[in-house]
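Take a look at the structure below.
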Amino acid sequence: MPQRLFEQLNKLQSVKPDLNWQSQIRSSLVTRARIDTLDKQLSFTDRLSLFLMVFYKKYLPSPIKMASAFVALVVISGTSIMAQAEYLPGRPLYSVKRGFENVEFAFAVTPEKETQLHLKHAKKRQDEAVKIAADASNQAQKIENLNIVIKSMEQNIVAAKSGLEIVKDASDASSSDNQKTVALAKEITKSTNNAIETLDQVQSSASAELTKTVDEAKSLAEDANSVSLKVLVDNADQNATTESQPSVSTEEVKGFISQKLERSEEKIKQAQVLTNTATDASLNSKNDVNLKDAVQKNTEAQVAVKEAKNLLNSNNLPQALEKVEQASNITKESTGALSKIIEVKDGVSGSSSDGGLKSTSTTPKVEPKKDGLNILNYDDSGISSQVNQTATYTEQVDLNQ
């Protein structure tokens, strides 16, 4: 290369050409290269080398990027594994754990996938509740943590119930195959059965302060269980009528209804125990009426359970489920009335040493004086009267308030 041309090229390095000129020159060179190579045939080796070069540049990152990505992956995976083992709300890793769970919903592109995620997370909350309930270190913190976990589980169960209804409506609207709907209903039925069983276990190992929270969660789980069971019953009944390929067998559905029936029977037994307790707590004629009504409802629930068993044996699944629901609703009403009577006894009247009832009136109490075998009771004017037994005060309570 001539010396003069070499010097000119060196000077060009410090020149900043116009961008438009660069673009024109680049296009011109590319066009010229294509024209010059039209009649050229690359050998197999050249084509392979060219392909590998393009593949490497396009798909393989630099070693530094690969190392950085590997380190980041290890850190994230390690943090995730440690976070999954955390079960106590309020700790930093537990927040990380819940954060990873929220990210999972970004990849749930269908209502079915989202519903399955809610069931998965509900199972995690159940496991956490069992571990927390077994911890006897700090009772106050234990109750607080259980409330947080159980409330979160409630949200997952309610969301799963709504998801099933969305999937079912979409399947009905398009008249498409409902296999996915039935499969999802099975998952929800099994999940809610497990949730109720876990809540019973937690309640037995926790204090009475958790009773209200557990009862609410069990009620929501039972509602979701009823919705999923209705889907299974409808499909089992339809398959039995059309003799098509069954998406759910009758025996499977009978097993699920039997589980719900057993829980209903257990609730009736608990209501009978409450009846015995409330019998001694009847304060006045109004409470007597409520107590008799509760006893009557218990009888009606027992009749409904008996009818449900007969219908179940005859494979009348829709009517059997309806009777089980009826028994559960009746028992819920009677249990509420009985609990109210017991609350009045424990919170308003209280029991006295001689079997009577203590007054909660704001009137100043005057202590009676004993005179031999009789008791002198004074009214507000200070006039005494002799009676042969201890007088008691009865407060009128309206249970409908």
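Ordering of the structure tokens sets the chain letters (A, B, ...); residue numbers start at 1 within each chain; ligands are numbered from 1 in the order shown.
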Problem - Within 9 Å of A:Ala122 using only C-alpha atoms, minus same-chain residues under 5 positions, as number ranges by chain - result: A: 117, 127, 152-157, 191, 195
Just-selected residues, N, CA and C atoms written as a CSV table (one decimal), in the first residue's frame:
chain,number,residue,atom,x,y,z
A,117,LEU,N,-54.1,-22.9,41.1
A,117,LEU,CA,-53.1,-22.3,41.9
A,117,LEU,C,-53.7,-21.9,43.3
A,127,ASP,N,-51.1,-26.6,55.7
A,127,ASP,CA,-49.9,-27.2,56.3
A,127,ASP,C,-49.3,-26.2,57.3
A,152,SER,N,-56.2,-16.3,55.1
A,152,SER,CA,-55.7,-16.4,53.8
A,152,SER,C,-56.2,-17.6,53.1
A,153,MET,N,-56.3,-18.7,53.8
A,153,MET,CA,-56.9,-19.9,53.2
A,153,MET,C,-58.3,-19.7,52.8
A,154,GLU,N,-59.1,-19.0,53.6
A,154,GLU,CA,-60.4,-18.7,53.2
A,154,GLU,C,-60.5,-18.0,51.8
A,155,GLN,N,-59.6,-17.0,51.6
A,155,GLN,CA,-59.6,-16.3,50.4
A,155,GLN,C,-59.3,-17.2,49.2
A,156,ASN,N,-58.3,-18.1,49.4
A,156,ASN,CA,-58.0,-19.1,48.3
A,156,ASN,C,-59.2,-20.0,48.0
A,157,ILE,N,-59.9,-20.4,49.1
A,157,ILE,CA,-61.1,-21.3,48.9
A,157,ILE,C,-62.2,-20.6,48.1
A,191,SER,N,-60.1,-30.9,47.9
A,191,SER,CA,-59.4,-29.9,48.6
A,191,SER,C,-60.2,-29.4,49.8
A,195,ALA,N,-59.5,-29.5,53.7
A,195,ALA,CA,-59.4,-28.2,54.5
A,195,ALA,C,-60.3,-28.3,55.8
Practice task
Would you mind telling me which residue in A:Lys306, A:Lys323, A:Lys212, A:Lys190 lies nearest to A:Gln259 when using only C-alpha atoms?
Solution key: A:Lys190
Compile a residue-level contact table for stretch 192-288 of chain A against stretch 324-336 of chain A at a cut-off of 9 Å, reporting for every qualifying residue the shortest atom pair and its distance in Å to one decimal, with only C-alpha atoms counted, rows ordered by chain and ascending number, as a Markdown table.
| residue | atom | partner | partner_atom | distance |
| --- | --- | --- | --- | --- |
| A:Ser226 | CA | A:Glu325 | CA | 8.0 |
| A:Ile257 | CA | A:Val324 | CA | 8.1 |
| A:Lys260 | CA | A:Val324 | CA | 7.4 |
| A:Leu261 | CA | A:Val324 | CA | 6.0 |
| A:Arg263 | CA | A:Ser328 | CA | 8.7 |
| A:Ser264 | CA | A:Ser328 | CA | 5.6 |
| A:Glu265 | CA | A:Ala327 | CA | 8.6 |
| A:Lys267 | CA | A:Thr331 | CA | 6.9 |
| A:Ile268 | CA | A:Thr331 | CA | 6.2 |
| A:Gln270 | CA | A:Thr335 | CA | 8.3 |
| A:Ala271 | CA | A:Thr335 | CA | 5.6 |
| A:Gln272 | CA | A:Thr335 | CA | 9.0 |
| A:Leu274 | CA | A:Thr335 | CA | 7.4 |
| A:Thr275 | CA | A:Thr335 | CA | 8.6 |
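The closest residue to A:Ala206, picked from A:Leu291, A:Ile148, A:Ala134, A:Val248 and counting only C-alpha atoms, is A:Ala134.
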Problem - Top pick for closest residue to A:Glu209, considering A:Asp234, A:Asp18, A:Glu144, A:Glu300 and counting only C-alpha atoms - result: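 Of A:Asp234, A:Asp18, A:Glu144, A:Glu300, the one nearest A:Glu209, counting only C-alpha atoms, is A:Glu144.
Relative to atom CA of A:Asn225, atom CA of A:Thr189 is found at 5.2 Å.
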Practice task
Would you work out the distance separating atom CA of A:Leu311 from atom CA of A:Val253, expressed in Å to one decimal?
Solution key: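 Those two atoms sit 13.1 Å apart.
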Practice task
Tell me, as a PyMOL selection string, which residues lie within 12 Å of A:Ile188, counting only C-alpha atoms; anything in the same chain fewer than 3 positions away does not count.
Solution key: chain A and resi 112+115-120+122-123+156-165+181-185+191-195+221-232+256
Problem - Long-range neighbours of A:Ala133 as a PyMOL selection string, 7 Å cut-off, only C-alpha atoms, 4 positions minimum in chain - result: chain A and resi 129+202+205-206
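In this model, the gap between atom CA of A:Thr110 and atom CA of A:Val167 comes to 9.1 Å.
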Practice task
Mind the document's chain letters and residue numbers, and return as number ranges by chain the residues of stretch 76-174 of chain A that DSSP labels alpha helix (DSSP H).
Solution key: A: 76-84, 92-104, 111-133, 139-174
